[in-house]
Each structure stands twice: as structure tokens, then as C-alpha cells.
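Heads up: the structure comes next, in C-alpha cells.
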4 protein chains.
Amino acid sequence: MIKAGIIGSTGYAGNELVRLLLQHKEAKIVWYGSRSYIGEEYASVYRNMFRLVDETCLDDNMEALAEEADVIFTATPQGLCASLVTEEILKKTKIIDLSADFRIKDVKTYEQWYGIEHKSPQFIGEAVYGLCEINREQVKHARLVANPGCYPTCSTLSIYPLVKEGIIDPNTIIIDAKSGTSGAGRGAKLQNLFCEVNENIKAYGVTTHRHTPEIEEQLGYAAGCPVTLNFTPHLVPMNRGILVTAYASLAKDVTEQEIRAIYHNYYDSETFVRVLNPGDCPETRFVEGSNYVDVNVKLDSRTRRVIMMGAMDNLVKGAAGQAIQNMNLMFGLPETMGLMQVPMFP
Amino acid sequence: MIKAGIIGSTGYAGNELVRLLLQHKEAKIVWYGSRSYIGEEYASVYRNMFRLVDETCLDDNMEALAEEADVIFTATPQGLCASLVTEEILKKTKIIDLSADFRIKDVKTYEQWYGIEHKSPQFIGEAVYGLCEINREQVKHARLVANPGCYPTCSTLSIYPLVKEGIIDPNTIIIDAKSGTSGAGRGAKLQNLFCEVNENIKAYGVTTHRHTPEIEEQLGYAAGCPVTLNFTPHLVPMNRGILVTAYASLAKDVTEQEIRAIYHNYYDSETFVRVLNPGDCPETRFVEGSNYVDVNVKLDSRTRRVIMMGAMDNLVKGAAGQAIQNMNLMFGLPETMGLMQVPMFP
Amino acid sequence: MIKAGIIGSTGYAGNELVRLLLQHKEAKIVWYGSRSYIGEEYASVYRNMFRLVDETCLDDNMEALAEEADVIFTATPQGLCASLVTEEILKKTKIIDLSADFRIKDVKTYEQWYGIEHKSPQFIGEAVYGLCEINREQVKHARLVANPGCYPTCSTLSIYPLVKEGIIDPNTIIIDAKSGTSGAGRGAKLQNLFCEVNENIKAYGVTTHRHTPEIEEQLGYAAGCPVTLNFTPHLVPMNRGILVTAYASLAKDVTEQEIRAIYHNYYDSETFVRVLNPGDCPETRFVEGSNYVDVNVKLDSRTRRVIMMGAMDNLVKGAAGQAIQNMNLMFGLPETMGLMQVPMFP
Amino acid sequence: MIKAGIIGSTGYAGNELVRLLLQHKEAKIVWYGSRSYIGEEYASVYRNMFRLVDETCLDDNMEALAEEADVIFTATPQGLCASLVTEEILKKTKIIDLSADFRIKDVKTYEQWYGIEHKSPQFIGEAVYGLCEINREQVKHARLVANPGCYPTCSTLSIYPLVKEGIIDPNTIIIDAKSGTSGAGRGAKLQNLFCEVNENIKAYGVTTHRHTPEIEEQLGYAAGCPVTLNFTPHLVPMNRGILVTAYASLAKDVTEQEIRAIYHNYYDSETFVRVLNPGDCPETRFVEGSNYVDVNVKLDSRTRRVIMMGAMDNLVKGAAGQAIQNMNLMFGLPETMGLMQVPMFP
């Protein structure tokens, strides 16, 4: 039985970790960390957990936690994990960081986009980017996993095969993404009030969103050269879900069948990536509550562009589910353990 | 392994049965019945099931199905189950009827409120009303279970203890209920379009809703005498969830503590009924996707009335979840098997 | 041209005052008061007003404002208006207070339910409760109008005729009300975040909501004796709208036709109260953006109770619209001026 | 007083025409056409109009209507207007067609994308494309106006200045659009049910949406050469609103200030196009219920692309409001008459 500690257990991603770990038969939660709610019952902060969780929230003492836990999940604001992790801690326990601290290999890029100083750059090199479908083998041996961002997970999985195969020109990629509001976190901010989000759609972080360099880096590995792209996220009046609609120009002559064959080749052996039937567009409702990413692609012969689409639950495959998928790999468990929830619709 | 057939598998309750049965380790689905989609792939009707269900929709031939299935779930419009069931079928298989056909013991009451003739009144007597928390023992031995309606489940569980204990005057009961829109079914009706439901709340079926006599009958058993009450449902712009707010006048002098003690006495041993802490009002978001009913009660000393509240997921405890809870009882399995989903929030 | 000042112009009710006053041909806004946004452009706080309002937010100096304005609207938290108003101010200007400070005639009741000391009880006596349909004549001559609460407006108008005519027993009244989330204000509170409100319904303030004594007082005037009742509000995932479903037992033998005739008698001459056709239930979507209240009533012969229903837009008839209706009366303008917006659906 | 007839008055766009015309002081509605509801009271089909509209729905006899009306609005499915209009009718009355029948100058393009035969191609030449901000003078003298599509209105106004000025390469344009569900009409279709739309976002009509050639044609006029582009609409769980996020590569070296100056130059004299402040992204909530289009632009120096954004209410500027704007021009009235509704938020 894996003993898991969560730092930042009272955010939406933290609560989703709790939901999924409670249903994982080889893991148990030993530490409900939450700086904001120390001493309060977890089930009073998240009443869905009434009678399911009896524990009280603890602080974010990673050193103490490392003594008790086999794995620590940090579902915390940027910078916190980097400020707490030490070699001593990593000798005792594994860390899966749901923040961005260890996702970007170039410290300067991180510091420029996030506007904060990185407190433990010495661990960036060994950290493994935990996009399991791509870095599965490295994850198995990692002490420190950087759990990918929600938008980068959906974007990268939707686009990766065509970049890797050289089908599209990576510098023509434009990603127009849409997210449910749980992605904005549980902070009490005016712009996230019900009446501000409901009956509205807007773009935000246009040309400046922090997930941009993360996507560029990952697709750059696939392309074998640096990639610069446009990424525009939008806020949608729904709780969960991310939809990616990505555009790129063809780099060579191919048919839609050939393109589809590539996707099937890359993903048919993957449990959590479903390549939809021709003509079916991914929809967030069909993956809600599950670890699936639904992808599909369409070729527009008029413009010689491909439209690549992906849908997933931002709190599951985009955060807690993928974190557990990484945990399973790191501990030698079946990768899908505890993650076979059937999507809940409606 | 229990072989389960579903007639009406493409309604929302039918799809929820599929979702839950796919995660039930002692049951498998052998028949996806759907009169409207015969010959179509189930996963094309419900794309959440893509790659999870490979079967094609079949007709509603209950006789043929009885040869293959250990249990048949009928998630169909009123009247269909009663028109299909026969003694021969009941000798071969068990039936859990999610429609209202066998819920009401008095045929005239059924025919009056539902406006249709009952086609097999000979089975009404043996049918067991499958509200497990109250009729557990009878369910275990039933061939034919009438799965309770969504509103009656939430209403009865919220009110039952105080009627049974004679604390409230049952003829003062007023039930004001609110439901998400999945309760209206998947039929393509104008009044259920997004733009008609969204940004709106309305009462419907005022004084005439068909769940009224069902609630009256069940509370009448608790009271030991006929009960007449007001039941008013409302349509809420959300997918899932039922909230009941019920009012009644005290029949004797009691304190809130005494009332709370009654609820704890009735429900603390029940897995699926959670009596909330004092002051906490049930909310549908905290039970979504799960089989829990959250209940609580408040005494208003100014008016000498009690306000009894309950929240549950109409598609789980109000339909498919309770049906599986009944199945578990009928087949001697642990009552909670396949039903321990942690509520998903947000 | 009436010069209007608004204290609290950046709350949702304040912004609705701005929306309506901009379209009122005999009024202009001379003061956009907002303690939280002093010095900021109003249109940067409410971007719907971009290019429509050029002014900057000012403080809440009521004395200075009284020099400039013919009427002051206070759309502020409880207690503020009472702490600012003086005889000097009332000699110079009229005040329409959208808070609860002057709604309740008994200071002790106010202080008990609101938990604050009343700072200017000397004005409570002269303040007129601005429910225009009932107190029209007094409003015309008032210096200080207490604009009714949102729930009390909808509740009182829905119930008033049957209490006044002695048709129902006022002490059997139970009001189950449902409100959109704009009623909770624009404060950045956790419980009002999109993900906390969306896909949820809950009761709140059960037995303790502050609008209870206000409704009891108004219905008490109609009954000619004190009234004690139950009032339970619920939060609905929509922006605007209040729905009231009220129950009461008959005090005398009447038919539904007789009851309907009473409603028509009271309201057919009222522009803003629409008595719906038999069988039509009020729905909030059909009054959105307008000053209408839709009401209807149904008699349940089984239980000898009436169900009284009302729907309105909480920000219009429940706040800003009614405030302007009061202003029109106080300044001798046609009561409907600036308030004939057609309900916007969907 | 202009006598207006509406064919298709019971769709969402038709109802919005009614809402706006009721508030227009120089127009009155003389014909509520609705093939589906002939003989029914209009206010029973749209209960927001209770006591505001007393008329009964009539058929779609355009010849008879031409005798009574000065202007006919056709808010009907594609093909109907073209099948009804004749020279005799156009001699008696003006027509503003909200369908696509006369928007596209090339009949073959129309027939190919819409899949129907055009029944009156002889009028295509004289029909004026009623995008008032661009074709104002031609509209003034038109007998037959093709009211632009909702997506094309928002897309064209957002992109037009930079194409016209040669700042961007028109063949690099990618339009990612998002619409509320009222755009899908009031037909009782499964895919538009509340539970199918709510908590979901999806793309649809990828590479095949019929508004594509309409946008291409209009931008082609601006470019002076044929334009081929990508247009991808998405369905958003909200009632009203369209958001356009468009991407294009720079064709010459410019600064963001220079680009912004172009937008201001084109639109500062336009009442209904608001160029937002730098950094402010258009949001649908801030134009709801109004005829405004909010636009803004951002230059991404990393990719040398511009992101052009626009938000509007699809039922107002995208349909009924723009139709009335056209009517005002055609009848020599002030262009803004009856259209100065302040956006309603929340």
C-alpha cells in the first residue's frame, strides 16, 4: 500500500486527487496538507467527502511529510514545490509536482514567463516531464515528476503525432483552447464569481499565457528543433473540461486517411487516448470524470491545413488523474489502476 | 457473474445503468435494448462509451432477453414493463422496473394519476417497492422490484423518520422539490432545449405530479394511516441532482436535538444516507455521481414546524444506483458493491 | 431632468440602476459612488458601460452629494444609509434606500435579525415602504423610501390579495423561494464562485433569513394582525430571477375561479403585475430584464391549500427597477417611465 | 409609422425582432407570421410577451403581407425567402432577409454550400449585403437587403480593417468562433437539449460550415482578391453571444499602436462598434441584449501574427438588431433608433 501525502489538498486539483486516491486500491492518503485550512476537518472544506474522510488538514511541512509518505503530490501555486524540495527529501520519498516548477528545462524561460525566481534549479535536470504516453519509460525511474499542465497535456497529445512525423510545419501551429472554470482554481476572486463567468465567453492571457513555452518545449522535442506557436486560452461557463482546436499547415502531401493512420498508430495501444471515428469532434462532456483524452483530426483540402482537436477533463487527465497515472508507473503498478472511471454523462 | 439486460438503455437512466454496471465486478451487460436505436452502435448514441462498449442496440423483446439474462432492468416509459412481463418471464429472470408500473399498490390510483390502463395488475401484489433502506428484507426475496421514483426516494428518506416516530403531523407535509434536467429525459422536446431551461426556474405539475401518490403511499405506511400532502417539483438549470425541502408541523413537543437523534438512529448504519452536521444544508453538488442521499433537519421554534431537507443524484440513488443496490440485495451480494463512487465535485 | 446620485454604484444592483437610468429620459446620473473603486473609471469596473459612461467613481459622501442630487439611491450594505442620513440631507434631497435600513418599523426586530445597531431610528417612522402597488399614495409624498427587498417584493405581491381578502390563514403560510446568484452580490466570496454555484441547488438561511420579518410585517398589515411564517430561500445556478412558491391553507370555502378573480381585481390595473392564464406557472425567463412580476395561483382541492407563485427579475423589480418606479412616483412622473423594457428571452 | 411584417416570428431571431420593434417608436408590427403556430396566440408561444402582444400567428403568405407592410422581415430557414419573393412584392414593400438566400453573389457557391437550388437568382444582383458599417450607402437605397449571418458579422467587423489596409495576409486567416446556443434555433433537436449542451464545449461544422464562403466573400472585397480561410465554430453552454478569435500573419512591419490606430480610424465614428482599451479582451457578457460589437486586437511579436477578437450578441447585432439597423437606413431614420439598449450584465 502506497502512502501518499498531498500538499495543497484543498484546491480543486487536490480534492480530485483525494477523490481518485480514495478509489485506488493500492494507495492511501496519509497527509491532507492545506496551509489555508490547518486544523479544520477536510470534510468540512469539501463536503462531498463527508463520512469518507475523517482527517484534519495539516500544514505543508514537506520534511515531516517525507518521513511518512512514499509519494508526495504538490498541488500548489507555482514556486512552492521548488522552495521546499531538497536532496534529503528526494532520498526518502518520490515527488509528483502538479505545479509548473519542474516542467520547463530552461530556467530562464521559466523565470521569464512565470515572473518568479526558481528556488531549486539543481533538480530541473533530473525531473521527468510526466506525460506518460510520451515519456513512459523515464517516468518509471523518476524520483521527481513534473506533472504536465492541463492545456499542455491536451494540446501536446492532440498535435504530437503530426509534428513527430513531419506532416505539419510546426511554426504554423495555432492552438485555440477552451477551459472550464475549475482550471481557474478555488481562490475567491471577483472574475471567477458565478455571475461573472456564467453566460460569457472570453479569451485571456492572449500571447502571454504561461503554458505557451511548455507546449513549445514539448513539441520542439518532437520536431527536433525549436517551435514557436500561438496559444490562446478561453474561459467557458462550465465546471470541467478542456477543448483544444489546433491548426497547422501541411508540410507534405498527405490524405486524411494517411493522417488518421498516424493517429491510430500512435494511440491505439494507449488506454487513455481515444482516436474518434471520422467526422466525430471531441466534446468535453464525453470524457467528464475520466482520464480519457479524445482526439481527432480533419484535413481541409481548401486551405491545406489540418485541424487537430482534443478533449479531456482538466482535473483528471489534466491534473490529478495523470498524477496518479505517473504514480502507478513510478511504483510499478499497472498504469491504469484506479483510473478506469467511466466518463459520466450528462 | 450476473448477466444483466437493459430495456431502455439509451435514456439517461439507461446510460447511467451502463456506466455503473461497467464498473460492477460481479455483473456484465448482455443486452443493450433500445427501441429507438435498434442496430446502431451503443457507443455512437452515447459517445462517452466509445471503446468501452462495443455492442449494438437491440429491441425490447423481453421473452428473448429472459433466456439470456439473470436480471432485466426496464428503464422505459410508464406502461411498457407492465405490458411485457409474464409469469414465464418471472420464472426465468428477475426484473427491476425503473418505471412507475409496480410502485403503487392501488391500481385505480395508478390509472388515475398516470392516465393509462395497467396491463398486468396481477403482479402488483408481489412487486416489492425497492427503497432498500426501508424494505431491505423484502427486496432480498423479490422476483419483481419496483424501483422508486427519483422524487419519492429523496422525499421519503428525508421525511420518513419523523412520520414513523409520530413527531410530525403527516397531513401538514408540504414538499417543495427541485430537480436537474436529466430527470426530464432525453426526448427531443421544445421545453427541454438548452435555451428554454438555462437561466430559468419554474414549478411544473403543480398539484398534479405523478410522484405525489407514490410519496403519499410510502409515508402512509410509516404513519399507519392515509396521508395527503402537497408536492411541487421545480426544474433547475443543472444536469443532475434533486433537492427536497419539506415542511411539516410538529405533532408533539420535541427539541432539535431529539429530532436529530432520531435521524441518526435511523440512518447511522446506512451506508448511503448521510445525516449532515447541525446547520449544514444538503446540496446536490456534494452527492453528484454517487449513491448518497444527504439529509438534515431544522426545527423552527417560531412556527413549530420542522424543515426536512435531502439531496441526491437523481440518476444514481434516484434511478440507476438504487436499481443496482436492489440487484445486489436480490442476488445476495454486498449491498454497496459497485456503488462506492466518491461524489465528484466540482 | 432629475439629477440622481448613486451610493454603491458598483454592486450588481447599482449597475442595474445605471443601466436603467441611462435609458430614462427624465433622469441623469450625477454621482457614481463606490467606496471600493474611488478614482477608477466606472466603465473599467463594468465594461458593459464602455463608451456609455465616462465618469469616475466617487466616495460615499452623502452630504456633498445632497448638494448636487435631487435623489440619492443607496445600494449599499445594511447599516450604511442609516449611518449617513440626516435631517439636513433630507431637507435637500430625496433618498431611496435599497438596503434594509428603513424597511422594518420595529427597531428591535431590525436589530435582532440584522445583528447591528440602527444608527438613525428617528427616520424609521417617516420612511415609506416602497412597494408601489400597495403604498403608491404614500410614496408620492415621501422624502425617504425604503425600497423593498427582492424576496419580500416577490413574496408579498404573490400572496397579498389572499391575505387581504381573508381567503387564507396567514399563519399557515410557507414560502419556498429560489433566487439567481446576482442576489448574493459582487463580493469575492468562495461560496459564490462559479464552480461552487454551478450544477448545484441548496437552501440557505433556513429559519433565519433576514427577509422573513420584512415579509411578515407587510403581510401582517394585510391581515390586520401579526403573521408568523416560514421562509426558505434557495440559490439557483442562474444570474437573475426570483421564483416564489408559497403555500397556505384556505380559511374559507372558495373556488379557484373566485381566487383568480381576486388576483385580477387587485392587479389588472397594474402595469407591472401580470396575472397569468390558468395553468401557466410563472417562470423567471419570461420577466428577465424587465420590471414585471408574473403571478399565478392554484387551488389544491385534495389538501385545501392554495399554491401561490410569483416570478420576477431580482435586479429590476426586486431592486433597481422598483427604485426607479419609486423615483417616478416621488417626482410626479408617469410611474412606468424608463421601465417598459420588454423581457428578454432567451 | 413603419408597418412591419415578420415571417418566421416564432424563432429566436423572430422573437428578438418582436422585442426590439415593440420598443421602436417609428415601427409597429402588423403581421406575426409563423407556419408552425398558425392561429395560436403569439404570447402563448413566447410568454415573455404576455400582455405585450395580443396578436395571433399568421401564415407566411408574402403576397398578402406585401399589401399590408412597408417592410417584411424573413427570419426563416434557408430557401424560403428566395422561393417567395417576386418583382410584384418588391414593388410594394421592402424585404430584409435574415436567412442566407441573398448574401452570396455567386449562385453556385450558395448552392454548393447550402445544398439547395436557389429559387430566385434574378434578385441576387440587386440585393445589398446589409453590414451597415461597410455598405451603409447601398443599404439606404435597397429594396432587398441580405441581413448578414451572425458569425460573418462578428468575423468581418473584427478582421476587415486589417485586410482592407493590407496589414495581414488574408490567406493566413484562421477564425475560431464560439457561439451561444440560441444560434442553433428553437427546433426540438436532441443535440440542443439542455443536458446535451450544458457542461460541454465542442466544435462543429469543421471545414464545412456555411458561413465560411460568406466571410470569404466579404473579406475578398476588402482584399481585392479571393480569400480562402479556415472557420471553425464552437457551441458554448450559454444562451446568447458570439466570440470571434481570429489569427493572421502580418504582411508588413507594423507596431501594435499602428494597428490600433487603424481600428480607431475605422470605427470611432461608428456607434455600434466599440474598440476596447489596450489589453481588454472582448467578452460576450458585456454586449448582451445590445447592438454593440466589441473588438480588439493584439500583435504577437514572437510569431508575427495578430490576434483579432470580437464579441457581440448573436440575436441582436447578429440578427434582429442589425435587421432593424438596416430598416432604419432604408427608411431614412436615424440609424440607431430603437437600438440604444444598454448591455445587460449580469
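Chain labels run A, B, ... following the order of the C-alpha cells; each chain numbers its residues from 1, and ligands are numbered from 1 in the order shown.
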Fill in: Spatial neighbours of Leu329 in chain B, 7 Å, only C-alpha atoms, chain gap at least 5 places, as a PyMOL selection string
chain B and resi 139-140+335
With all heavy atoms kept, could you save the residues just selected as a PDB file, in the first residue's frame?
ATOM      1  N   VAL B 139     -36.830  -6.993  -0.370  1.00  0.00           N
ATOM      2  CA  VAL B 139     -36.136  -6.920  -1.659  1.00  0.00           C
ATOM      3  C   VAL B 139     -35.315  -8.183  -1.895  1.00  0.00           C
ATOM      4  O   VAL B 139     -35.256  -8.715  -3.001  1.00  0.00           O
ATOM      5  CB  VAL B 139     -35.238  -5.661  -1.727  1.00  0.00           C
ATOM      6  CG1 VAL B 139     -34.306  -5.725  -2.931  1.00  0.00           C
ATOM      7  CG2 VAL B 139     -36.092  -4.403  -1.751  1.00  0.00           C
ATOM      8  N   LYS B 140     -34.695  -8.668  -0.832  1.00  0.00           N
ATOM      9  CA  LYS B 140     -33.804  -9.819  -0.986  1.00  0.00           C
ATOM     10  C   LYS B 140     -34.505 -11.016  -1.626  1.00  0.00           C
ATOM     11  O   LYS B 140     -33.861 -11.835  -2.277  1.00  0.00           O
ATOM     12  CB  LYS B 140     -33.236 -10.222   0.379  1.00  0.00           C
ATOM     13  CG  LYS B 140     -32.213  -9.230   0.932  1.00  0.00           C
ATOM     14  CD  LYS B 140     -31.695  -9.667   2.306  1.00  0.00           C
ATOM     15  CE  LYS B 140     -30.716  -8.641   2.877  1.00  0.00           C
ATOM     16  NZ  LYS B 140     -30.355  -8.949   4.278  1.00  0.00           N
ATOM     17  N   GLU B 335     -24.456  -5.059  -0.395  1.00  0.00           N
ATOM     18  CA  GLU B 335     -25.385  -4.055  -0.909  1.00  0.00           C
ATOM     19  C   GLU B 335     -24.680  -2.906  -1.625  1.00  0.00           C
ATOM     20  O   GLU B 335     -25.226  -2.290  -2.533  1.00  0.00           O
ATOM     21  CB  GLU B 335     -26.216  -3.516   0.265  1.00  0.00           C
ATOM     22  CG  GLU B 335     -27.326  -2.578  -0.138  1.00  0.00           C
ATOM     23  CD  GLU B 335     -28.210  -2.236   1.055  1.00  0.00           C
ATOM     24  OE1 GLU B 335     -28.279  -3.041   2.021  1.00  0.00           O
ATOM     25  OE2 GLU B 335     -28.830  -1.168   1.044  1.00  0.00           O
TER      26      GLU B 335
END
Item to complete: With a cut-off of 10 Å and counting only C-alpha atoms, select all residues of chain D in contact with chain B and give the selection as JSON, numbers by chain.
Response: {"D": [12, 180, 181, 182, 183, 184, 185, 186, 187, 188, 189, 190, 191, 192, 193, 194, 195, 196, 197, 198, 199, 237, 238, 239, 240]}
Practice prompt. Pick out the residues sitting within 12 Å of Phe102 in chain A, and hand them over as a PyMOL selection string; count only C-alpha atoms, and ignore anything fewer than 5 positions along from it in its own chain.
Written response: chain A and resi 74+78-83+85+95-97+107+109-111+118-130+144-149+214
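Omitting Asp253 in chain A and its sequence neighbours fewer than 4 positions away, and counting only C-alpha atoms, the residues within 12 Å are A:Gly166, A:Ile167, A:Ile168, A:Asp169, A:Ser249, A:Gln257, A:Glu258, A:Ile259, A:Leu299, A:Ser301, A:Arg304, A:Arg305, A:Val306.
On the backbone of this structure, DSSP gives helix (DSSP H, G or I) within range 177-213 of chain A to Thr181, Ser182, Gly183, Ala184, Leu190, Gln191, Asn192, Phe194, Cys195, Glu196, Val197, His211, Thr212 and Pro213 of chain A.
Shortest atom-to-atom contact with Phe231 in chain B among B:Leu157, B:Val45, B:Ala177, B:Leu219: B:Ala177, counting only C-alpha atoms.
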Discussion item. So that I can check the surroundings of Gly11 in chain C, please list as a PyMOL selection string every protein, DNA and RNA residue that reaches within 8 Å of it, counting only C-alpha atoms and ignoring chain neighbours fewer than 3 positions away.
Written reply: chain C and resi 8+14-15+75-76+185-186
Could you please take those selected residues and save C-alpha atoms as a compact mmCIF listing (two decimals), in the first residue's frame?
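Everything below was put into out.txt:
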# COMPACT_ATOMS: atom_id res chain seq x y z
CA GLY C 8 -22.93 51.85 -4.08
CA GLY C 14 -26.01 49.69 -8.51
CA ASN C 15 -25.01 48.74 -12.02
CA ALA C 75 -27.41 50.43 -2.96
CA THR C 76 -25.16 49.61 -0.06
CA GLY C 185 -23.80 40.41 -4.58
CA ARG C 186 -20.47 41.02 -6.24
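Here CA of Ile307 in chain A and CA of Tyr114 in chain D stand 22.2 Å from one another.
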Worksheet entry | Shell around Ala64 in chain A at 12 Å using only C-alpha atoms, local window under 6 positions removed, as JSON, numbers by chain | {"A": [5, 7, 30, 31, 33, 58, 72, 84, 85, 88, 89, 92, 93]}
Please, could you write that set of residues out with C-alpha atoms as a PDB file, in the first residue's frame?
ATOM      1  CA  GLY A   5       0.739  12.808   1.059  1.00  0.00           C
ATOM      2  CA  ILE A   7       0.340  19.330  -0.190  1.00  0.00           C
ATOM      3  CA  VAL A  30      -1.656   9.884   4.980  1.00  0.00           C
ATOM      4  CA  TRP A  31      -1.458  13.671   4.867  1.00  0.00           C
ATOM      5  CA  GLY A  33      -1.892  19.339   3.580  1.00  0.00           C
ATOM      6  CA  LEU A  58      -2.187  19.733   8.131  1.00  0.00           C
ATOM      7  CA  ILE A  72       4.131  13.444  -2.177  1.00  0.00           C
ATOM      8  CA  LEU A  84      10.556  23.057  -0.358  1.00  0.00           C
ATOM      9  CA  VAL A  85      12.254  20.171  -2.143  1.00  0.00           C
ATOM     10  CA  GLU A  88      17.210  14.723   1.688  1.00  0.00           C
ATOM     11  CA  ILE A  89      13.546  14.688   0.876  1.00  0.00           C
ATOM     12  CA  LYS A  92      13.195   9.434   1.276  1.00  0.00           C
ATOM     13  CA  THR A  93      10.226   9.868  -0.983  1.00  0.00           C
TER      14      THR A  93
END
Worksheet item: as a list in words, which residues of range 9-106 of chain A does DSSP assign to strand (DSSP E or B)?
Response: Ala27, Lys28, Ile29, Val30, Trp31, Tyr32, Gly33, Glu41, Thr56, Leu58, Val71, Ile72, Phe73, Thr74, Lys94, Ile95, Ile96 and Asp97 of chain A
Discussion item. What's around Val287 in chain D at 6 Å? Count only C-alpha atoms, leave out sequence neighbours fewer than 4 positions away in its own chain, and write the answer as a ChimeraX atom specification.
Written reply: /D:292,312,343
Practice prompt. For CA of Arg103 in chain A and CA of Glu216 in chain A, determine how far apart the two atoms are, in Å to one decimal place.
Written response: 11.7 Å
Worksheet entry | Straight-line distance linking CA of Tyr266 in chain D with CA of Thr232 in chain A, stated in Å to one decimal | 25.7 Å
